[in-house]
Amino acid sequence: MPIWGDFMAQISKRLIPLAAMEKIIKTAGAERVSDKAKAALKEVLEEYAEKISQTAVKLALHAGRKTVKASDVKLAAKPA
């Protein structure tokens with residue numbers, strides 16, 4: 001795993017708070033949310049965000065930039 005992957009693994013536990021996961025699920029209509037459901041959503045969203053971020057970085061580098069722009073992230077998030 002590259003150094004970046006190690007870094008991401010170390011901080012992934014605190015990237016997105018579980019309270020935010022509960023709020024998202026409740027906004028979708030749930031009355032109650034289990035801790036496992038919050039953790040599962042957090043894991044899925046963080047994995048998806050990491051994939052989008054990696055693609056966005058590649059897009060920025062391809063464009064000759066070091067800075068990732070919102071347009072890179074939006075393009076990276078579009079389905080293939």
# chains A, B, ... in the order shown; residues from 1 in each chain; ligands from 1
>>> residues_around(residues="A:Asp35", least_positions_apart="6", cutoff="12 Å", atoms="only C-alpha atoms", output="PyMOL selection string")
chain A and resi 17-19+21-22+25+41-42
>>> residues_around(residues="A:Ile16", least_positions_apart="5", cutoff="12 Å", atoms="only C-alpha atoms", output="list in words")
Ile11, Met21, Glu22, Lys23, Ile24, Lys38, Ala39, Ala40, Leu41, Lys42, Glu43, Val44, Leu45, Glu46, Glu47 and Ala49 of chain A
>>> write_last_selection(atoms="N, CA and C atoms", output="PDB file, in the first residue's frame")
ATOM      1  N   ILE A  11      -6.201   7.875   9.465  1.00  0.00           N
ATOM      2  CA  ILE A  11      -7.147   8.937   9.819  1.00  0.00           C
ATOM      3  C   ILE A  11      -8.585   8.629   9.422  1.00  0.00           C
ATOM      4  N   MET A  21     -23.570  10.392   9.984  1.00  0.00           N
ATOM      5  CA  MET A  21     -24.202   9.236   9.345  1.00  0.00           C
ATOM      6  C   MET A  21     -25.625   9.060   9.869  1.00  0.00           C
ATOM      7  N   GLU A  22     -25.775   9.234  11.172  1.00  0.00           N
ATOM      8  CA  GLU A  22     -27.104   9.122  11.778  1.00  0.00           C
ATOM      9  C   GLU A  22     -28.039  10.183  11.209  1.00  0.00           C
ATOM     10  N   LYS A  23     -27.542  11.391  11.071  1.00  0.00           N
ATOM     11  CA  LYS A  23     -28.359  12.482  10.547  1.00  0.00           C
ATOM     12  C   LYS A  23     -28.789  12.192   9.106  1.00  0.00           C
ATOM     13  N   ILE A  24     -27.875  11.676   8.289  1.00  0.00           N
ATOM     14  CA  ILE A  24     -28.202  11.340   6.903  1.00  0.00           C
ATOM     15  C   ILE A  24     -29.294  10.273   6.845  1.00  0.00           C
ATOM     16  N   LYS A  38     -24.729   3.016  11.158  1.00  0.00           N
ATOM     17  CA  LYS A  38     -23.931   4.245  11.033  1.00  0.00           C
ATOM     18  C   LYS A  38     -22.525   3.911  10.556  1.00  0.00           C
ATOM     19  N   ALA A  39     -21.923   2.890  11.148  1.00  0.00           N
ATOM     20  CA  ALA A  39     -20.562   2.488  10.786  1.00  0.00           C
ATOM     21  C   ALA A  39     -20.504   1.976   9.347  1.00  0.00           C
ATOM     22  N   ALA A  40     -21.527   1.252   8.928  1.00  0.00           N
ATOM     23  CA  ALA A  40     -21.561   0.714   7.571  1.00  0.00           C
ATOM     24  C   ALA A  40     -21.654   1.837   6.544  1.00  0.00           C
ATOM     25  N   LEU A  41     -22.531   2.809   6.793  1.00  0.00           N
ATOM     26  CA  LEU A  41     -22.662   3.937   5.872  1.00  0.00           C
ATOM     27  C   LEU A  41     -21.367   4.734   5.821  1.00  0.00           C
ATOM     28  N   LYS A  42     -20.753   4.940   6.968  1.00  0.00           N
ATOM     29  CA  LYS A  42     -19.480   5.668   7.048  1.00  0.00           C
ATOM     30  C   LYS A  42     -18.414   4.967   6.194  1.00  0.00           C
ATOM     31  N   GLU A  43     -18.327   3.657   6.313  1.00  0.00           N
ATOM     32  CA  GLU A  43     -17.334   2.891   5.561  1.00  0.00           C
ATOM     33  C   GLU A  43     -17.573   3.010   4.054  1.00  0.00           C
ATOM     34  N   VAL A  44     -18.824   2.852   3.649  1.00  0.00           N
ATOM     35  CA  VAL A  44     -19.159   2.930   2.224  1.00  0.00           C
ATOM     36  C   VAL A  44     -18.853   4.318   1.667  1.00  0.00           C
ATOM     37  N   LEU A  45     -19.274   5.351   2.387  1.00  0.00           N
ATOM     38  CA  LEU A  45     -19.062   6.714   1.907  1.00  0.00           C
ATOM     39  C   LEU A  45     -17.579   7.074   1.842  1.00  0.00           C
ATOM     40  N   GLU A  46     -16.810   6.642   2.840  1.00  0.00           N
ATOM     41  CA  GLU A  46     -15.380   6.950   2.839  1.00  0.00           C
ATOM     42  C   GLU A  46     -14.657   6.224   1.707  1.00  0.00           C
ATOM     43  N   GLU A  47     -15.034   4.987   1.430  1.00  0.00           N
ATOM     44  CA  GLU A  47     -14.425   4.262   0.313  1.00  0.00           C
ATOM     45  C   GLU A  47     -14.756   4.946  -1.011  1.00  0.00           C
ATOM     46  N   ALA A  49     -15.611   8.096  -1.435  1.00  0.00           N
ATOM     47  CA  ALA A  49     -14.933   9.393  -1.460  1.00  0.00           C
ATOM     48  C   ALA A  49     -13.455   9.238  -1.808  1.00  0.00           C
TER      49      ALA A  49
END
>>> closest_residue(among="A:Ala20, A:Ala63, A:Ile52, A:Ala76", to="A:Val33", atoms="only C-alpha atoms")
A:Ala20
>>> closest_residue(among="A:Ala60, A:Arg32, A:Thr67, A:Thr55", to="A:Pro79", atoms="only C-alpha atoms")
A:Thr55
>>> residues_around(residues="A:Leu59", least_positions_apart="4", cutoff="10 Å", atoms="only C-alpha atoms", output="NGL selection string")
:A and (53-55 or 63-66 or 68-69 or 71-73 or 75-76)
>>> select_by_dssp(residues="chain A", states="alpha helix (DSSP H)", output="PyMOL selection string")
chain A and resi 3-11+18-27+35-62+70-77
>>> atom_distance(atom1="atom CA of A:Lys58", atom2="atom CA of A:Leu15")
21.6 Å
>>> atom_distance(atom1="atom CA of A:Tyr48", atom2="atom CA of A:Lys78")
12.0 Å
